[in-house]
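What's in work-v3.cif: mmCIF, C-alpha atoms and all ligand atoms
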data_input
#
loop_
_atom_site.label_atom_id
_atom_site.label_comp_id
_atom_site.auth_asym_id
_atom_site.auth_seq_id
_atom_site.Cartn_x
_atom_site.Cartn_y
_atom_site.Cartn_z
CA MET A 1 -4.99 -23.08 3.62
CA ARG A 2 -5.87 -20.88 6.57
CA LEU A 3 -9.32 -19.31 6.85
CA LEU A 4 -9.21 -15.76 8.18
CA HIS A 5 -12.36 -15.79 10.29
CA GLY A 6 -13.83 -12.49 11.44
CA ARG A 7 -15.89 -13.68 14.38
CA PRO A 8 -13.09 -13.89 17.02
CA LEU A 9 -12.07 -10.33 16.13
CA ALA A 10 -15.69 -9.12 16.18
CA GLU A 11 -16.14 -10.67 19.65
CA ARG A 12 -12.99 -9.03 20.95
CA LEU A 13 -14.11 -5.66 19.55
CA ALA A 14 -17.58 -6.05 21.10
CA ALA A 15 -16.12 -6.90 24.52
CA ARG A 16 -13.95 -3.78 24.45
CA SER A 17 -16.90 -1.68 23.25
CA ARG A 18 -19.07 -2.90 26.12
CA GLU A 19 -16.42 -1.68 28.58
CA ARG A 20 -16.15 1.72 26.89
CA SER A 21 -19.91 2.10 26.73
CA ARG A 22 -20.22 1.24 30.45
CA ALA A 23 -17.61 3.90 31.24
CA LEU A 24 -19.63 6.45 29.23
CA LEU A 25 -22.84 5.47 31.00
CA GLY A 26 -21.01 5.96 34.29
CA ARG A 27 -20.64 9.61 33.23
CA ASP A 28 -24.31 9.72 32.21
CA VAL A 29 -23.41 9.73 28.51
CA HIS A 30 -25.74 7.50 26.48
CA PRO A 31 -23.94 6.74 23.21
CA ALA A 32 -26.27 7.04 20.24
CA LEU A 33 -26.07 6.72 16.47
CA ALA A 34 -28.52 8.25 14.00
CA ALA A 35 -29.11 5.88 11.09
CA ILE A 36 -30.71 7.97 8.34
CA SER A 37 -32.32 6.15 5.44
CA VAL A 38 -34.25 7.31 2.39
CA GLY A 39 -36.81 4.83 1.08
CA ILE A 40 -36.62 1.16 1.89
CA ASP A 41 -33.64 -0.61 0.34
CA PRO A 42 -33.47 -4.31 1.29
CA ALA A 43 -29.65 -4.36 1.69
CA ALA A 44 -29.68 -1.16 3.77
CA ASN A 45 -32.51 -2.54 5.87
CA THR A 46 -30.64 -5.78 6.60
CA TYR A 47 -27.59 -3.73 7.62
CA LEU A 48 -29.76 -1.55 9.86
CA GLN A 49 -31.17 -4.62 11.64
CA ARG A 50 -27.61 -5.87 12.21
CA LEU A 51 -26.63 -2.49 13.60
CA VAL A 52 -29.60 -2.41 15.98
CA ARG A 53 -28.71 -5.91 17.29
CA GLY A 54 -25.01 -5.03 17.56
CA GLY A 55 -25.77 -1.70 19.23
CA LYS A 56 -28.02 -3.37 21.78
CA ALA A 57 -25.29 -5.88 22.63
CA VAL A 58 -22.72 -3.17 23.41
CA GLY A 59 -24.97 -0.44 24.84
CA ILE A 60 -25.33 1.95 21.87
CA ALA A 61 -28.77 3.25 20.90
CA ILE A 62 -29.53 3.31 17.18
CA ARG A 63 -32.04 6.03 16.28
CA ASP A 64 -33.73 4.96 13.06
CA ILE A 65 -34.61 8.07 11.02
CA SER A 66 -36.47 6.94 7.90
CA LEU A 67 -37.37 9.42 5.17
CA PRO A 68 -39.78 8.56 2.37
CA ARG A 69 -38.42 7.41 -0.98
CA ASP A 70 -39.46 10.67 -2.66
CA ALA A 71 -37.75 12.88 -0.04
CA THR A 72 -36.07 15.90 -1.63
CA GLU A 73 -32.37 16.62 -1.27
CA ARG A 74 -33.35 19.59 0.88
CA ALA A 75 -35.30 17.37 3.27
CA VAL A 76 -32.39 14.92 3.63
CA ILE A 77 -29.95 17.80 4.22
CA ALA A 78 -32.29 19.25 6.87
CA GLU A 79 -32.25 15.88 8.68
CA LEU A 80 -28.46 15.59 8.45
CA ASP A 81 -28.07 19.14 9.75
CA ARG A 82 -30.52 18.47 12.59
CA ALA A 83 -28.66 15.30 13.62
CA SER A 84 -25.35 17.15 13.38
CA ARG A 85 -26.64 19.73 15.89
CA ASP A 86 -28.38 17.24 18.23
CA ARG A 87 -26.11 16.78 21.25
CA SER A 88 -27.81 13.52 22.21
CA LEU A 89 -26.54 11.93 18.97
CA HIS A 90 -22.83 11.12 18.72
CA GLY A 91 -22.65 9.47 15.30
CA ILE A 92 -24.48 9.81 11.99
CA LEU A 93 -24.76 7.13 9.33
CA LEU A 94 -26.42 7.80 5.97
CA LEU A 95 -27.56 4.42 4.74
CA THR A 96 -26.91 3.63 1.08
CA PRO A 97 -27.82 3.00 -1.68
CA LEU A 98 -29.93 6.14 -1.96
CA PRO A 99 -32.78 6.57 -4.45
CA GLY A 100 -31.27 7.56 -7.83
CA LYS A 101 -31.97 11.28 -7.87
CA LEU A 102 -30.11 12.07 -4.64
CA ASP A 103 -26.46 13.11 -4.87
CA GLU A 104 -24.64 11.24 -2.12
CA GLY A 105 -21.45 13.23 -2.70
CA HIS A 106 -23.30 16.43 -1.86
CA LEU A 107 -25.26 15.03 1.10
CA VAL A 108 -22.22 13.75 3.02
CA ASP A 109 -20.95 17.34 3.27
CA HIS A 110 -23.77 17.83 5.77
CA ILE A 111 -22.62 15.16 8.21
CA ALA A 112 -20.64 17.02 10.87
CA ALA A 113 -17.08 15.68 10.71
CA PRO A 114 -16.87 14.77 14.46
CA LYS A 115 -20.03 12.62 14.02
CA ASP A 116 -19.04 11.14 10.66
CA VAL A 117 -18.43 7.64 12.03
CA GLU A 118 -18.44 6.03 8.56
CA GLY A 119 -15.74 8.46 7.35
CA VAL A 120 -17.53 9.74 4.24
CA ASN A 121 -17.34 13.51 4.79
CA PRO A 122 -14.55 15.05 2.64
CA TYR A 123 -12.76 16.21 5.82
CA ASN A 124 -12.35 12.63 7.04
CA VAL A 125 -11.50 11.41 3.53
CA GLY A 126 -8.77 14.07 3.44
CA LEU A 127 -7.34 13.03 6.80
CA LEU A 128 -7.17 9.43 5.59
CA LEU A 129 -5.33 10.42 2.42
CA ASP A 130 -3.04 12.61 4.51
CA GLY A 131 -2.03 9.51 6.49
CA ARG A 132 -3.86 10.69 9.65
CA PRO A 133 -6.99 8.51 9.57
CA GLN A 134 -9.68 9.42 12.07
CA PHE A 135 -13.01 7.98 10.93
CA VAL A 136 -12.66 5.51 8.06
CA PRO A 137 -15.33 3.54 6.12
CA SER A 138 -15.92 0.47 8.25
CA THR A 139 -15.52 -2.13 5.48
CA ALA A 140 -12.10 -0.74 4.57
CA GLU A 141 -11.11 -0.67 8.23
CA ALA A 142 -12.40 -4.24 8.64
CA ILE A 143 -10.07 -5.41 5.86
CA ILE A 144 -7.01 -3.97 7.62
CA GLU A 145 -8.08 -5.07 11.11
CA LEU A 146 -8.69 -8.61 9.86
CA LEU A 147 -5.21 -8.74 8.30
CA ARG A 148 -3.66 -7.37 11.50
CA PHE A 149 -5.63 -9.71 13.75
CA HIS A 150 -4.38 -12.72 11.78
CA GLU A 151 -0.84 -11.30 11.86
CA ILE A 152 -0.41 -10.98 8.11
CA ARG A 153 2.64 -8.82 7.52
CA LEU A 154 1.75 -5.61 5.69
CA ALA A 155 4.96 -3.55 5.75
CA GLY A 156 6.74 -4.05 2.45
CA ALA A 157 4.09 -6.46 1.13
CA ASP A 158 2.95 -6.19 -2.48
CA VAL A 159 -0.80 -5.70 -2.28
CA VAL A 160 -3.31 -5.45 -5.12
CA VAL A 161 -6.73 -3.99 -4.32
CA VAL A 162 -9.30 -4.79 -7.00
CA GLY A 163 -12.03 -2.11 -6.87
CA ARG A 164 -11.77 1.62 -6.22
CA SER A 165 -15.11 2.61 -4.69
CA THR A 166 -15.08 5.37 -2.08
CA VAL A 167 -16.43 2.98 0.59
CA VAL A 168 -14.16 -0.02 0.09
CA GLY A 169 -11.34 -0.04 -2.48
CA ARG A 170 -9.94 3.48 -2.15
CA PRO A 171 -9.96 3.75 1.64
CA ALA A 172 -8.59 0.20 1.98
CA ALA A 173 -5.73 1.13 -0.37
CA ALA A 174 -5.03 4.31 1.64
CA LEU A 175 -4.94 2.36 4.92
CA LEU A 176 -2.66 -0.29 3.42
CA LEU A 177 -0.33 2.46 2.24
CA SER A 178 -0.27 3.83 5.80
CA GLU A 179 0.82 0.34 6.89
CA ASP A 180 3.80 0.62 4.50
CA ALA A 181 2.45 -1.88 1.99
CA THR A 182 3.21 -1.34 -1.71
CA VAL A 183 -0.26 -0.86 -3.13
CA THR A 184 -1.66 -1.23 -6.64
CA ILE A 185 -5.32 -0.48 -7.37
CA ALA A 186 -7.11 -2.28 -10.21
CA HIS A 187 -10.48 -1.32 -11.72
CA LYS A 188 -12.58 -1.89 -14.82
CA SER A 189 -10.13 -0.15 -17.15
CA THR A 190 -7.14 -2.13 -15.85
CA ASN A 191 -5.72 -4.05 -18.82
CA ASP A 192 -4.96 -7.38 -17.19
CA VAL A 193 -6.11 -7.70 -13.58
CA GLY A 194 -4.79 -11.28 -13.37
CA ALA A 195 -1.27 -10.21 -14.37
CA LEU A 196 -1.24 -7.83 -11.39
CA THR A 197 -2.89 -10.12 -8.83
CA ARG A 198 -0.55 -13.00 -9.75
CA ARG A 199 2.40 -10.88 -8.60
CA ALA A 200 0.84 -9.88 -5.27
CA ALA A 201 1.43 -11.35 -1.82
CA ILE A 202 -1.97 -10.02 -0.72
CA VAL A 203 -5.03 -9.54 -2.91
CA VAL A 204 -8.05 -7.57 -1.68
CA VAL A 205 -11.17 -7.99 -3.83
CA ALA A 206 -14.10 -5.55 -3.70
CA VAL A 207 -15.76 -5.60 -7.11
CA GLY A 208 -19.32 -6.77 -6.46
CA ARG A 209 -19.18 -9.79 -8.82
CA ALA A 210 -19.59 -13.28 -7.40
CA GLY A 211 -16.64 -15.56 -8.15
CA PHE A 212 -14.61 -12.79 -9.86
CA LEU A 213 -11.17 -13.83 -8.52
CA THR A 214 -10.23 -17.35 -9.52
CA GLY A 215 -7.33 -19.57 -8.45
CA ASP A 216 -5.38 -18.94 -11.68
CA MET A 217 -5.27 -15.22 -10.83
CA ILE A 218 -3.17 -15.56 -7.66
CA SER A 219 0.27 -16.77 -6.70
CA GLN A 220 0.93 -19.86 -4.58
CA GLY A 221 0.50 -19.05 -0.88
CA ALA A 222 -1.07 -15.59 -1.43
CA THR A 223 -3.37 -14.06 1.16
CA VAL A 224 -6.79 -13.19 -0.26
CA ILE A 225 -9.29 -10.87 1.39
CA ASP A 226 -12.78 -11.09 -0.01
CA ALA A 227 -14.89 -8.00 0.74
CA GLY A 228 -17.70 -9.02 -1.61
CA ILE A 229 -21.28 -9.65 -0.59
CA ASN A 230 -23.37 -10.89 -3.50
CA MET A 231 -26.84 -12.38 -3.36
CA THR A 232 -26.90 -15.43 -5.63
CA PRO A 233 -29.55 -18.15 -6.06
CA ALA A 234 -27.25 -20.34 -3.90
CA GLY A 235 -27.11 -17.73 -1.10
CA ILE A 236 -24.52 -15.12 -0.10
CA ALA A 237 -21.32 -15.32 -2.13
CA GLY A 238 -18.12 -13.28 -2.08
CA ASP A 239 -16.17 -11.84 -4.99
CA VAL A 240 -13.79 -14.81 -4.79
CA ASP A 241 -14.30 -18.21 -6.35
CA ALA A 242 -13.47 -19.94 -3.06
CA ASP A 243 -13.17 -23.45 -4.53
CA SER A 244 -10.39 -22.63 -6.99
CA VAL A 245 -8.70 -19.98 -4.81
CA ALA A 246 -8.52 -22.35 -1.82
CA THR A 247 -6.29 -24.74 -3.77
CA VAL A 248 -3.66 -22.02 -4.34
CA ALA A 249 -3.98 -19.41 -1.55
CA GLY A 250 -2.18 -19.55 1.79
CA ALA A 251 -5.01 -17.72 3.54
CA LEU A 252 -8.52 -16.58 2.60
CA SER A 253 -11.22 -14.61 4.39
CA PRO A 254 -14.49 -16.53 4.08
CA VAL A 255 -17.86 -15.11 2.94
CA PRO A 256 -19.89 -15.10 5.04
CA GLY A 257 -17.83 -15.01 8.23
CA GLY A 258 -14.93 -12.77 7.21
CA VAL A 259 -14.83 -9.01 6.50
CA GLY A 260 -18.61 -8.52 6.83
CA THR A 261 -18.59 -9.95 10.35
CA VAL A 262 -16.28 -7.19 11.55
CA THR A 263 -17.72 -4.07 9.88
CA THR A 264 -20.61 -3.43 12.28
CA ALA A 265 -18.34 -3.85 15.32
CA LEU A 266 -15.98 -1.23 13.90
CA LEU A 267 -18.73 1.24 13.09
CA LEU A 268 -20.04 0.89 16.65
CA ARG A 269 -16.51 1.36 17.98
CA ASN A 270 -16.37 4.63 16.05
CA VAL A 271 -19.62 5.77 17.71
CA LEU A 272 -17.98 5.28 21.11
CA THR A 273 -14.88 7.18 20.01
CA ALA A 274 -17.13 10.00 18.81
CA ALA A 275 -19.10 10.00 22.08
CA GLU A 276 -15.91 10.06 24.16
CA THR A 277 -14.42 12.90 22.11
CA GLN A 278 -17.62 14.98 22.13
CA THR A 279 -18.09 14.66 25.88
CA ALA A 280 -14.47 14.83 27.02
CA GLY A 281 -14.05 17.21 29.92
CA GLY A 282 -17.82 17.75 30.12
P1 LIG B 301 -18.89 -0.60 -6.35
O1 LIG B 301 -19.10 0.76 -5.82
O2 LIG B 301 -19.79 -1.16 -7.39
O3 LIG B 301 -17.39 -0.67 -6.90
C1 LIG B 301 -16.93 -1.79 -7.56
C2 LIG B 301 -15.50 -1.57 -7.99
O4 LIG B 301 -15.05 -2.74 -8.65
C3 LIG B 301 -15.34 -0.41 -8.97
O5 LIG B 301 -14.20 0.35 -8.62
C4 LIG B 301 -15.16 -1.10 -10.31
O6 LIG B 301 -14.30 -0.43 -11.19
C5 LIG B 301 -14.49 -2.40 -9.90
N1 LIG B 301 -14.78 -3.46 -10.85
C6 LIG B 301 -15.99 -3.92 -11.23
N2 LIG B 301 -15.84 -4.90 -12.16
C7 LIG B 301 -14.51 -5.04 -12.36
C8 LIG B 301 -13.73 -5.84 -13.21
N3 LIG B 301 -14.28 -6.71 -14.07
N4 LIG B 301 -12.38 -5.73 -13.14
C9 LIG B 301 -11.80 -4.84 -12.31
N5 LIG B 301 -12.49 -4.04 -11.48
C10 LIG B 301 -13.83 -4.13 -11.52
O7 LIG B 301 -18.90 -1.68 -5.18
P2 LIG B 301 -18.46 -1.53 -3.62
O8 LIG B 301 -19.46 -0.75 -2.88
O9 LIG B 301 -17.02 -1.16 -3.54
O10 LIG B 301 -18.62 -3.03 -3.18
C11 LIG B 301 -17.74 -4.01 -3.63
C12 LIG B 301 -18.13 -5.33 -3.00
O11 LIG B 301 -18.00 -5.21 -1.59
C13 LIG B 301 -19.60 -5.72 -3.24
O12 LIG B 301 -19.69 -7.12 -3.35
C14 LIG B 301 -20.31 -5.24 -2.00
O13 LIG B 301 -21.47 -5.98 -1.72
C15 LIG B 301 -19.25 -5.48 -0.97
N6 LIG B 301 -19.38 -4.65 0.23
C16 LIG B 301 -19.20 -5.30 1.39
C17 LIG B 301 -19.33 -4.62 2.57
C18 LIG B 301 -19.09 -5.37 3.84
O14 LIG B 301 -19.52 -4.98 4.89
N7 LIG B 301 -18.33 -6.49 3.76
C19 LIG B 301 -19.63 -3.26 2.57
C20 LIG B 301 -19.75 -2.58 1.35
C21 LIG B 301 -19.62 -3.32 0.18
P3 LIG B 301 -14.63 1.04 -11.81
O15 LIG B 301 -14.33 2.01 -10.69
O16 LIG B 301 -13.70 1.17 -12.97
O17 LIG B 301 -16.08 1.02 -12.17
#
Representation of the structure as structure tokens:
Amino acid sequence: MRLLHGRPLAERLAARSRERSRALLGRDVHPALAAISVGIDPAANTYLQRLVRGGKAVGIAIRDISLPRDATERAVIAELDRASRDRSLHGILLLTPLPGKLDEGHLVDHIAAPKDVEGVNPYNVGLLLDGRPQFVPSTAEAIIELLRFHEIRLAGADVVVVGRSTVVGRPAAALLLSEDATVTIAHKSTNDVGALTRRAAIVVVAVGRAGFLTGDMISQGATVIDAGINMTPAGIAGDVDADSVATVAGALSPVPGGVGTVTTALLLRNVLTAAETQTAGG
């Protein structure tokens, strides 16, 4: 079985980003991302640290804007509006999960579409569904880029995506459809997930349950992409039971070292695209 490692792709993306960021600096454009957080969530904080390290490596400044846990919706909107107007910021990321009382669906409306590098504003969601993706959630994009990088054929392939969240399952399914795959989406109300995944050439799993997909749920030689990141007593685990899946699959993305390795690089790439677009001709 082949392991679909993310690191070689992440390194290639970072090298290209360094070149693009140098070109921007040559025009006195200093690419910058606003990372807006509300309260301290450990997962969001870990991601922020990764972003800061990744940004430093490719020449993108990450401006950490932290609001207190009890910040009102109005205060968060004011910050998003301010960042949307600030010409020294090219991208805006609203870190999640948010404290319970805040309505994420409402807040993302206030991220200006040209700065919405994580593709959560309804305008960018609409473009994706229209088959004209511009900014796309980085985990979903990482799934497709990883498949492409490892030359897994998507056109005509039967793909099952397990999970339909707005940040992973849905956008991944939309991107796969744009690649001419035949896509089925499974979720909690799906009658028999295994019956679907056993018929698929490619299975993408994003459910948030360690060891969810087992070897008896896939066909011989299938490609399995594991988007899961679960904290278990034994450490980080994906949504795939790697031991049993490895005996049946033809290819599997490891956790850690697969999808998650690529997401930050793609988000940073989007910041450069945003900076280039916003400063073109200026
Ligand atoms: P989420 O918002 O909780 O969504 C989980 C999805 O899985 C839902 O659509 C849910 O169905 C479905 N699901 C849950 N249990 C199921 C079951 N027994 N059978 C079928 N479907 C089931 O999670 P998420 O944000 O998409 O994250 C999914 C995983 O990806 C997590 O492990 C998360 O840590 C990881 N993740 C990774 C990255 C990365 O950078 N690699 C980024 C974000 C998330 P319903 O819609 O019916 O509830």
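Distance-wise, CA of Glu145 (chain A) and CA of Gly238 (chain A) end up 18.5 Å apart.
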- Given all atoms listed in the file as the counted atoms, nearest of A:Phe149, A:Tyr123, A:Phe135, A:Tyr47 to ligand LIG 301 (chain B): A:Tyr47
- Which chains and residue numbers are within 10 Å of ligand LIG 301 (chain B), counting all atoms listed in the file, if I want them as a PyMOL selection string? chain A and resi 43+47+96-97+137-140+142-143+161-170+185-194+205-210+212-213+226-231+236-240+255-264
- Which one is closest to Val224 (chain A): A:Arg2, A:Arg50, A:Arg87, A:Arg132? Count all atoms listed in the file. A:Arg2
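Look at Val52 (chain A): the protein and nucleic acid residues within 9 Å of it, using all atoms listed in the file and passing over chain neighbours fewer than 5 places away, are Tyr47, Ala57, Ile60, Ala61, Ile62, Arg63 and Asp64 of chain A.
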- Counting all atoms listed in the file, what is within 12 Å of Glu104 (chain A), bar same-chain residues fewer than 3 positions away, as a PyMOL selection string? chain A and resi 37-38+73+76-77+94-101+107-111+120-122+166-167
- Task: Please provide the set of residues having any atom within 12 Å of Leu25 (chain A), restricted to all atoms listed in the file, with same-chain residues fewer than 3 positions apart removed, written as a PyMOL selection string.
- Result: chain A and resi 18-22+28-32+58-61+272+275-276+279
